[in-house]
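S.K.: Structure supplied as final.cif; contents: mmCIF, C-alpha atoms.
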data_entry
loop_
_atom_site.label_atom_id
_atom_site.label_comp_id
_atom_site.auth_asym_id
_atom_site.auth_seq_id
_atom_site.Cartn_x
_atom_site.Cartn_y
_atom_site.Cartn_z
CA MET A 1 -15.90 -3.40 -0.23
CA SER A 2 -16.60 -1.90 -3.63
CA ALA A 3 -13.68 -1.40 -5.98
CA ILE A 4 -11.60 1.75 -5.65
CA THR A 5 -12.14 3.98 -8.68
CA HIS A 6 -10.50 7.29 -7.70
CA HIS A 7 -6.73 6.89 -7.32
CA ILE A 8 -3.63 8.95 -6.60
CA PRO A 9 -2.51 10.75 -9.80
CA ASP A 10 0.86 9.67 -11.19
CA ASP A 11 2.70 12.92 -10.65
CA MET A 12 1.63 12.96 -7.00
CA MET A 13 2.77 9.35 -6.56
CA ALA A 14 6.13 10.22 -8.14
CA ALA A 15 6.48 13.16 -5.74
CA TYR A 16 5.66 10.88 -2.80
CA ALA A 17 8.23 8.28 -3.95
CA ALA A 18 10.82 11.04 -4.33
CA GLY A 19 10.00 12.40 -0.88
CA THR A 20 8.95 15.86 -2.03
CA LEU A 21 5.27 15.76 -1.10
CA PRO A 22 4.24 17.90 1.92
CA HIS A 23 3.53 15.86 5.06
CA PRO A 24 -0.33 16.07 5.08
CA PHE A 25 -0.53 14.86 1.47
CA ALA A 26 2.06 12.15 2.14
CA MET A 27 -0.26 10.88 4.89
CA VAL A 28 -3.16 10.60 2.41
CA VAL A 29 -0.97 8.85 -0.19
CA ALA A 30 0.39 6.39 2.40
CA ALA A 31 -3.14 5.70 3.69
CA HIS A 32 -4.52 5.19 0.17
CA VAL A 33 -1.65 2.85 -0.79
CA SER A 34 -2.43 0.86 2.36
CA LEU A 35 -5.91 0.25 0.90
CA CYS A 36 -5.17 0.06 -2.84
CA GLU A 37 -3.18 -2.73 -4.49
CA ASP A 38 -2.99 -0.89 -7.82
CA CYS A 39 -1.41 2.19 -6.29
CA ARG A 40 0.95 0.02 -4.22
CA ALA A 41 2.21 -1.47 -7.48
CA THR A 42 2.57 2.01 -8.98
CA LEU A 43 4.52 3.19 -5.93
CA GLU A 44 6.79 0.14 -6.13
CA SER A 45 7.53 0.94 -9.77
CA TYR A 46 8.58 4.46 -8.75
CA HIS A 47 10.79 2.95 -6.05
CA ALA A 48 12.31 0.80 -8.78
CA VAL A 49 13.20 3.96 -10.71
CA GLY A 50 14.72 5.37 -7.51
CA GLY A 51 16.68 2.15 -7.02
CA ALA A 52 17.99 2.22 -10.58
CA LEU A 53 19.08 5.84 -10.14
CA LEU A 54 20.74 4.95 -6.83
CA GLU A 55 22.73 2.19 -8.54
CA GLN A 56 23.84 4.63 -11.24
CA THR A 57 24.78 7.42 -8.82
CA ALA A 58 28.41 8.46 -8.92
CA ASP A 59 29.80 6.92 -5.75
CA ILE A 60 31.78 8.87 -3.16
CA ALA A 61 34.18 6.91 -0.97
CA VAL A 62 33.12 6.66 2.68
CA SER A 63 35.52 7.22 5.59
CA SER A 64 37.69 4.25 6.42
CA GLY A 65 36.19 3.71 9.86
CA LEU A 66 32.54 3.76 8.80
CA LYS A 67 32.24 0.08 7.97
CA SER A 68 33.93 -1.22 11.11
CA ASN A 69 31.89 1.17 13.27
CA LEU A 70 28.74 -0.08 11.65
CA MET A 71 29.66 -3.76 11.93
CA ALA A 72 30.26 -3.19 15.65
CA LEU A 73 26.74 -1.78 15.99
CA LEU A 74 24.95 -4.78 14.53
CA ASP A 75 24.60 -6.57 17.86
CA ASP A 76 23.47 -3.51 19.80
CA PRO A 77 20.10 -3.91 21.47
CA VAL A 78 17.34 -2.47 19.32
CA HIS A 79 14.81 -0.07 20.76
CA PRO A 80 12.24 -0.20 18.01
CA GLU A 81 10.03 2.80 17.49
CA PRO A 82 6.36 1.93 17.92
CA VAL A 83 4.79 0.61 14.76
CA TYR A 84 1.15 1.58 14.39
CA GLU A 85 -0.85 -0.99 12.53
CA ALA A 86 -4.19 -0.55 10.84
CA LYS A 87 -7.07 -0.67 13.30
CA GLY A 88 -10.72 -0.79 12.28
CA ILE A 89 -11.29 1.63 9.45
CA TYR A 90 -8.02 3.50 10.06
CA PRO A 91 -4.91 2.49 8.04
CA GLY A 92 -1.51 2.48 9.77
CA PRO A 93 -0.45 5.99 8.69
CA VAL A 94 -3.67 7.39 10.25
CA MET A 95 -3.20 5.31 13.43
CA GLU A 96 0.33 6.72 13.63
CA ALA A 97 -1.00 10.29 13.41
CA LEU A 98 -3.52 9.34 16.14
CA LYS A 99 -0.65 7.81 18.16
CA GLY A 100 -2.68 4.62 18.43
CA ARG A 101 -5.67 6.28 20.09
CA GLN A 102 -9.21 6.77 18.85
CA PRO A 103 -9.98 10.16 17.25
CA ARG A 104 -11.02 13.02 19.55
CA TRP A 105 -14.01 14.42 17.71
CA ARG A 106 -14.96 18.07 17.97
CA THR A 107 -18.36 19.12 16.82
CA LEU A 108 -18.64 21.57 13.94
CA GLY A 109 -22.45 21.73 13.96
CA MET A 110 -25.16 19.90 11.98
CA GLY A 111 -23.75 16.59 13.21
CA VAL A 112 -20.46 17.17 11.38
CA LYS A 113 -17.35 16.52 13.48
CA GLN A 114 -13.62 16.78 12.95
CA SER A 115 -10.45 15.53 14.60
CA ILE A 116 -7.28 17.42 13.71
CA LEU A 117 -4.29 15.12 13.15
CA SER A 118 -1.58 17.55 12.23
CA GLU A 119 -1.27 21.23 11.56
CA THR A 120 1.84 22.99 10.34
CA ASP A 121 2.77 25.83 8.04
CA GLY A 122 2.81 23.25 5.26
CA GLY A 123 -0.87 22.44 5.73
CA SER A 124 -3.13 20.30 7.87
CA ALA A 125 -4.57 16.81 8.04
CA ARG A 126 -7.78 15.93 9.85
CA LEU A 127 -10.54 13.37 10.04
CA LEU A 128 -14.05 14.44 9.13
CA TYR A 129 -17.24 12.72 10.30
CA ILE A 130 -20.33 13.45 8.22
CA PRO A 131 -23.69 11.83 9.12
CA ALA A 132 -25.56 10.11 6.30
CA GLY A 133 -27.53 12.55 4.16
CA GLN A 134 -25.65 15.50 5.58
CA ALA A 135 -23.86 17.96 3.32
CA VAL A 136 -20.36 19.09 4.00
CA PRO A 137 -20.82 22.83 3.85
CA ASP A 138 -20.31 24.39 0.47
CA HIS A 139 -16.70 25.36 0.27
CA SER A 140 -13.97 26.15 -2.18
CA HIS A 141 -10.27 25.73 -1.71
CA ASN A 142 -7.18 27.77 -1.28
CA GLY A 143 -4.61 25.52 -2.85
CA LEU A 144 -5.04 21.77 -2.88
CA GLU A 145 -7.23 19.45 -0.83
CA LEU A 146 -7.11 15.63 -0.85
CA THR A 147 -9.99 13.70 0.69
CA LEU A 148 -9.72 9.94 1.27
CA VAL A 149 -12.88 8.05 2.27
CA LEU A 150 -12.36 5.62 5.18
CA GLN A 151 -15.98 4.71 5.94
CA GLY A 152 -19.29 5.16 4.10
CA SER A 153 -19.31 7.26 0.97
CA PHE A 154 -20.14 10.70 -0.33
CA SER A 155 -21.25 12.11 -3.65
CA ASP A 156 -20.80 15.52 -5.18
CA GLU A 157 -20.96 17.24 -8.56
CA THR A 158 -17.99 15.19 -9.78
CA GLY A 159 -19.06 11.68 -8.79
CA ARG A 160 -19.38 9.14 -5.99
CA PHE A 161 -16.53 8.38 -3.60
CA GLY A 162 -16.48 5.17 -1.56
CA VAL A 163 -13.98 3.61 0.84
CA GLY A 164 -10.44 4.01 -0.51
CA ASP A 165 -11.38 6.65 -3.10
CA VAL A 166 -9.50 9.94 -3.14
CA GLU A 167 -11.01 13.21 -4.28
CA ILE A 168 -8.60 15.90 -5.42
CA GLY A 169 -9.90 19.42 -5.00
CA ASP A 170 -8.06 22.47 -6.30
CA GLU A 171 -8.86 26.14 -6.46
CA ASP A 172 -11.31 25.63 -9.32
CA LEU A 173 -13.42 23.01 -7.60
CA GLU A 174 -16.53 24.36 -5.96
CA HIS A 175 -18.52 21.42 -4.75
CA THR A 176 -21.07 20.24 -2.21
CA PRO A 177 -20.22 16.74 -1.03
CA ILE A 178 -23.18 14.93 0.58
CA ALA A 179 -22.71 11.78 2.65
CA ASP A 180 -24.65 8.90 1.09
CA ALA A 181 -27.26 6.87 2.96
CA GLY A 182 -25.89 4.17 5.28
CA ASP A 183 -22.96 4.51 7.66
CA ALA A 184 -21.76 7.98 8.50
CA CYS A 185 -18.99 9.04 6.12
CA ILE A 186 -15.55 9.32 7.71
CA CYS A 187 -12.77 10.89 5.62
CA LEU A 188 -9.13 11.82 5.94
CA ALA A 189 -8.77 15.33 4.52
CA ALA A 190 -5.47 17.10 3.88
CA THR A 191 -4.95 20.65 2.72
CA ASP A 192 -1.98 22.89 2.13
CA ALA A 193 -4.04 25.98 3.01
CA PRO A 194 -7.09 26.86 5.13
CA LEU A 195 -10.47 26.12 3.54
CA ARG A 196 -12.80 28.93 2.58
CA PHE A 197 -16.32 28.16 3.64
CA ASN A 198 -18.97 29.99 1.68
CA ALA A 199 -22.07 29.49 3.75
CA PHE A 200 -21.40 27.40 6.80
CA MET A 201 -20.22 29.93 9.31
CA PRO A 202 -18.98 33.47 9.30
CA ARG A 203 -15.42 33.64 8.05
CA LEU A 204 -14.37 35.45 11.23
CA LEU A 205 -15.11 32.32 13.23
CA GLN A 206 -12.97 30.07 11.08
CA PRO A 207 -9.75 30.57 13.02
CA LEU A 208 -11.58 29.51 16.18
CA PHE A 209 -12.60 26.24 14.65
CA ARG A 210 -9.31 25.82 12.83
CA ILE A 211 -10.88 24.86 9.53
CA MET B 1 27.75 -17.29 1.73
CA PRO B 2 24.89 -19.38 0.37
CA GLN B 3 24.91 -20.00 -3.35
CA GLN B 4 21.38 -19.58 -4.63
CA SER B 5 20.25 -19.44 -8.22
CA PRO B 6 23.29 -18.25 -10.21
CA GLN B 7 21.17 -15.89 -12.30
CA MET B 8 19.63 -14.08 -9.38
CA SER B 9 21.26 -10.68 -8.95
CA GLN B 10 24.12 -10.66 -6.49
CA MET B 11 22.46 -7.94 -4.44
CA THR B 12 19.28 -9.94 -4.04
CA VAL B 13 21.31 -12.97 -2.96
CA TRP B 14 23.18 -10.88 -0.36
CA LEU B 15 20.05 -9.29 1.01
CA VAL B 16 18.23 -12.64 1.27
CA ALA B 17 21.28 -14.07 3.09
CA VAL B 18 21.15 -11.15 5.54
CA ARG B 19 17.43 -11.66 6.00
CA ASP B 20 17.42 -15.44 6.46
CA GLU B 21 20.83 -16.15 7.99
CA ARG B 22 21.97 -12.83 9.45
CA ASP B 23 25.01 -13.28 7.20
CA ARG B 24 27.61 -10.63 8.13
CA ASP B 25 29.81 -11.21 5.11
CA ALA B 26 26.82 -10.69 2.84
CA PHE B 27 25.98 -7.54 4.80
CA GLY B 28 29.57 -6.33 4.40
CA SER B 29 29.25 -6.85 0.64
CA LEU B 30 26.00 -4.86 0.57
CA PHE B 31 27.76 -2.11 2.49
CA ASP B 32 30.70 -2.05 0.06
CA TYR B 33 28.34 -1.74 -2.88
CA PHE B 34 25.72 0.62 -1.51
CA ALA B 35 27.43 2.86 1.08
CA PRO B 36 29.45 4.95 -1.43
CA ARG B 37 26.45 5.20 -3.75
CA LEU B 38 24.19 6.24 -0.88
CA LYS B 39 26.73 8.84 0.16
CA GLY B 40 26.85 10.26 -3.38
CA PHE B 41 23.06 10.13 -3.58
CA ILE B 42 22.52 11.91 -0.26
CA MET B 43 25.17 14.56 -0.91
CA ARG B 44 23.47 15.49 -4.17
CA SER B 45 20.62 16.94 -2.16
CA GLY B 46 23.02 19.41 -0.57
CA THR B 47 23.83 17.46 2.60
CA GLY B 48 27.41 17.80 3.85
CA ALA B 49 29.79 14.82 3.84
CA ALA B 50 29.74 14.25 7.61
CA GLN B 51 25.94 14.23 7.92
CA ALA B 52 25.67 12.16 4.74
CA GLU B 53 27.84 9.49 6.37
CA GLU B 54 25.65 9.54 9.48
CA ILE B 55 22.63 8.93 7.28
CA VAL B 56 24.45 6.18 5.34
CA GLN B 57 25.22 4.44 8.63
CA ASP B 58 21.62 4.84 9.76
CA VAL B 59 20.28 3.50 6.44
CA MET B 60 22.57 0.46 6.46
CA LEU B 61 21.74 -0.29 10.09
CA THR B 62 18.04 -0.10 9.16
CA VAL B 63 18.72 -2.51 6.27
CA TRP B 64 20.24 -4.96 8.77
CA ARG B 65 17.42 -4.60 11.28
CA LYS B 66 14.48 -4.54 8.87
CA ALA B 67 15.76 -7.19 6.46
CA THR B 68 12.89 -9.47 7.50
CA MET B 69 10.58 -7.04 5.67
CA PHE B 70 12.44 -7.48 2.36
CA ASP B 71 10.30 -9.43 -0.11
CA PRO B 72 12.21 -10.13 -3.35
CA HIS B 73 8.90 -10.95 -5.03
CA ARG B 74 7.84 -7.33 -4.72
CA ALA B 75 11.01 -5.29 -4.81
CA GLN B 76 14.53 -5.38 -6.11
CA ALA B 77 17.26 -4.85 -3.50
CA SER B 78 18.18 -1.39 -4.81
CA ALA B 79 14.51 -0.27 -4.86
CA TRP B 80 14.02 -1.49 -1.29
CA ILE B 81 17.18 0.28 -0.08
CA TYR B 82 16.25 3.44 -2.01
CA GLN B 83 12.94 3.57 -0.18
CA ILE B 84 14.64 3.15 3.22
CA ALA B 85 17.16 5.86 2.35
CA ARG B 86 14.35 8.26 1.39
CA ASN B 87 12.49 7.62 4.64
CA ARG B 88 15.56 7.97 6.85
CA GLN B 89 16.77 11.07 5.01
CA ILE B 90 13.41 12.79 5.50
CA ASP B 91 13.09 11.67 9.13
CA ILE B 92 16.59 12.89 9.99
CA ILE B 93 16.92 16.08 7.94
CA ARG B 94 13.35 17.35 8.19
CA LYS B 95 12.85 15.90 11.66
CA GLU B 96 9.41 14.67 10.74
CA ASN B 97 8.10 11.15 10.61
CA ARG B 98 7.39 10.33 7.02
CA PRO B 99 4.02 8.56 6.67
CA VAL B 100 4.55 5.13 5.10
CA PRO B 101 1.95 2.59 3.96
CA ASP B 102 1.05 -0.47 6.01
CA GLU B 103 3.44 -3.32 5.28
CA LEU B 104 1.96 -6.22 3.39
CA ALA B 105 1.73 -9.35 5.50
CA GLN B 106 4.08 -11.99 4.11
CA ASP B 107 2.89 -15.53 3.88
CA PRO B 108 5.27 -17.14 6.38
CA GLY B 109 5.36 -20.66 5.00
CA SER B 110 5.58 -19.75 1.35
CA GLU B 111 8.48 -20.99 -0.75
CA PRO B 112 10.36 -18.36 -2.73
CA ASP B 113 9.26 -18.23 -6.35
CA ALA B 114 12.61 -18.04 -8.17
CA SER B 115 11.08 -17.26 -11.55
CA GLN B 116 9.23 -14.24 -10.18
CA ILE B 117 12.33 -12.97 -8.39
CA LEU B 118 14.36 -13.42 -11.57
CA ALA B 119 11.73 -11.60 -13.60
CA PHE B 120 12.06 -8.69 -11.17
CA ASP B 121 15.82 -8.62 -11.56
CA GLN B 122 15.50 -8.60 -15.34
CA GLU B 123 12.96 -5.82 -15.14
CA ALA B 124 15.37 -3.75 -13.08
CA GLU B 125 18.10 -4.29 -15.70
CA GLN B 126 15.69 -3.16 -18.43
CA LEU B 127 14.79 -0.13 -16.37
CA LYS B 128 18.44 0.84 -16.06
CA SER B 129 19.02 0.58 -19.79
CA ALA B 130 15.79 2.53 -20.42
CA LEU B 131 17.14 5.27 -18.15
CA ASP B 132 20.32 5.34 -20.23
CA GLN B 133 18.32 5.73 -23.42
CA LEU B 134 16.41 8.79 -22.24
CA GLN B 135 17.22 12.18 -23.73
CA PRO B 136 19.91 13.76 -21.53
CA ASP B 137 17.59 16.58 -20.48
CA GLN B 138 14.81 14.16 -19.52
CA LYS B 139 17.20 12.03 -17.52
CA GLU B 140 18.66 15.05 -15.77
CA MET B 141 15.19 16.21 -14.70
CA ILE B 142 14.26 12.80 -13.33
CA GLU B 143 17.55 12.59 -11.45
CA LYS B 144 17.02 16.01 -9.95
CA ALA B 145 13.45 15.22 -8.95
CA TYR B 146 14.51 11.94 -7.34
CA MET B 147 17.86 12.85 -5.85
CA GLY B 148 18.02 16.56 -5.46
CA ASP B 149 15.20 16.62 -2.95
CA LEU B 150 13.71 19.38 -5.06
CA THR B 151 10.11 20.18 -5.80
CA HIS B 152 9.22 20.89 -9.41
CA GLN B 153 9.07 24.55 -8.43
CA GLU B 154 12.61 24.46 -7.06
CA ILE B 155 13.91 22.62 -10.11
CA SER B 156 12.40 25.33 -12.23
CA VAL B 157 14.19 28.04 -10.28
CA GLN B 158 17.49 26.20 -10.29
CA THR B 159 17.52 25.41 -13.99
CA GLY B 160 15.77 28.55 -15.17
CA LEU B 161 13.25 26.41 -17.05
CA PRO B 162 9.58 27.34 -16.95
CA LEU B 163 7.62 25.14 -14.55
CA GLY B 164 5.42 23.71 -17.31
CA THR B 165 8.48 22.53 -19.23
CA VAL B 166 9.96 20.90 -16.15
CA LYS B 167 6.74 19.02 -15.42
CA SER B 168 6.33 17.87 -18.98
CA ARG B 169 9.96 16.70 -19.21
CA ILE B 170 9.60 14.72 -16.03
CA ARG B 171 6.30 13.30 -17.26
CA LEU B 172 7.73 12.47 -20.70
CA GLY B 173 10.65 10.71 -19.12
CA LEU B 174 8.53 8.77 -16.67
CA ASN B 175 5.97 7.86 -19.36
CA ARG B 176 8.74 6.51 -21.51
CA LEU B 177 10.03 4.45 -18.57
CA ARG B 178 6.55 3.19 -17.80
CA LYS B 179 6.07 2.04 -21.38
CA GLU B 180 9.34 0.16 -21.19
CA LEU B 181 8.19 -1.48 -17.97
CA LYS B 182 4.75 -2.35 -19.32
CA GLY B 183 6.34 -4.09 -22.28
CA LEU B 184 7.90 -6.49 -19.77
CA ARG B 185 4.68 -7.53 -18.08
#
Rewrite the structure from the file as structure tokens, please.

M.R.:
Amino acid sequence: MSAITHHIPDDMMAAYAAGTLPHPFAMVVAAHVSLCEDCRATLESYHAVGGALLEQTADIAVSSGLKSNLMALLDDPVHPEPVYEAKGIYPGPVMEALKGRQPRWRTLGMGVKQSILSETDGGSARLLYIPAGQAVPDHSHNGLELTLVLQGSFSDETGRFGVGDVEIGDEDLEHTPIADAGDACICLAATDAPLRFNAFMPRLLQPLFRI
Amino acid sequence: MPQQSPQMSQMTVWLVAVRDERDRDAFGSLFDYFAPRLKGFIMRSGTGAAQAEEIVQDVMLTVWRKATMFDPHRAQASAWIYQIARNRQIDIIRKENRPVPDELAQDPGSEPDASQILAFDQEAEQLKSALDQLQPDQKEMIEKAYMGDLTHQEISVQTGLPLGTVKSRIRLGLNRLRKELKGLR
């Protein structure tokens, strides 16, 4: 695997550590950290800041029964929630969104496919499958879009993005990513607003395809 | 309670004893230290006392059950517990599963490296004193961002400061902290 060169920006990592990042972006950050030792170290340093603040927090006495109640719970049987581990090209946070199953691809045309992972008012997360040499249709963004490469690579006006790299697109970025030769490019893409496609399909159809 | 290296922070010693020996006294000590701080921490984000205590109980139970995941070579006890508290608070209050990175596989047979663990403890002490040396307004912004469960936008509304100022204060404060930390490596 080639080295990761496009990382999570510091302020976004700080927001993830503090728990203020919207869910779709948190999924991209967690997936990237699963693949990137540098960003794991950065995240741990933000946790260290959180830990230091926690130690310095003014304490508030807890109710007298809380400790004994808790001690009595320690031997209770544990019903662990399922833990989704990385599988193939998909890091754990993506496998969790897939509930351990393989993606259900829906065709968007021109060989491009998508699998929607989550969709809320706060934005959406989905997997994109782009055959080698194929362009992702020219689009610009409402708000912010994060794209994490999980397989293959793509290139656009701003550079080349390989496995583990994250591209950050904002309202000013108008770009045409093209999947490089080799394996099809599979990406995790998260937005906090619907995408505007310029040429790919009539805007009226966009709600039907949920893109 | 096992007596490990005398210089290792007491919290790390307790948490390792919980992890390796399921030591209830050590767990009780962790509770006495962290539960009131967690309650203060959680209530600062606007959660009422009763729900805050539910979350404290949930966090401490998670500490007991997930202690095998604690690796003192990578995290200080307070940082590890902070991260659990954040996850549980988001899961419970927002009712959404917070995405978390894959856990690193721990080398099962490896001996603990006391010097590395100690270095971590010292770093955490340095971090705390660096926090104390920040300008009051920088420290307040970082606290609010970390504890208040506020976005930069919300901080801006609450303090009446323009968003740009809030972001740059948080960045200045964090840059200063990072420099302090880099000096230690």

S.K.: Which residues fall under the PyMOL selection byres ((chain A) within 8 of (chain B)) in this file, as a VMD selection string?

M.R.: chain A and resid 11 15 17 to 20 23 26 to 27 30 to 34 44 47 to 62 66 to 67 70 to 71 73 to 74 85 to 86 91 to 93

S.K.: Please measure the separation of CA of Ala181 in chain A and CA of Ala135 in chain A, giving the value in Å to one decimal.

M.R.: 11.6 Å

S.K.: Have a look at A:Asp165, A:Glu119, A:Glu145, A:Asp172 and name the one nearest to Ala190 in chain A; count all atoms listed in the file.

M.R.: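 Between A:Asp165, A:Glu119, A:Glu145, A:Asp172, the residue approaching Ala190 in chain A most closely is A:Glu145.
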
S.K.: Would you work out the distance separating CA of Lys66 in chain B from CA of Ser64 in chain A, expressed in Å to one decimal?

M.R.: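 Going from CA of Lys66 in chain B over to CA of Ser64 in chain A covers 24.9 Å.
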
S.K.: Neighbours of Ile8 in chain A within 8 Å (only C-alpha atoms; same-chain residues fewer than 6 positions away dropped), as a PyMOL selection string?

M.R.: chain A and resi 29+32+39+166

S.K.: What is the distance between CA of Phe161 in chain A and CA of Val149 in chain A, in Å to one decimal?

M.R.: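 Between CA of Phe161 in chain A and CA of Val149 in chain A the gap is 6.9 Å.
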
S.K.: On this file, the PyMOL selection byres ((chain B and resi 73) around 10) gives some set of residues; write that set as a PyMOL selection string.

M.R.: chain B and resi 70-72+74-76+112-121

S.K.: Given the file above and the PyMOL selection byres ((chain A and resi 125) around 7), which residues are selected, and can you give them as an MDAnalysis selection string?

M.R.: chainID A and resid 24 116:119 124 126 189:191

S.K.: So, with only C-alpha atoms as the atoms that count, which of A:Ser68, A:Cys187, A:Glu157, A:Gly123 lies closest to His175 in chain A?

M.R.: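 Counting only C-alpha atoms, the residue closest to His175 in chain A is A:Glu157.
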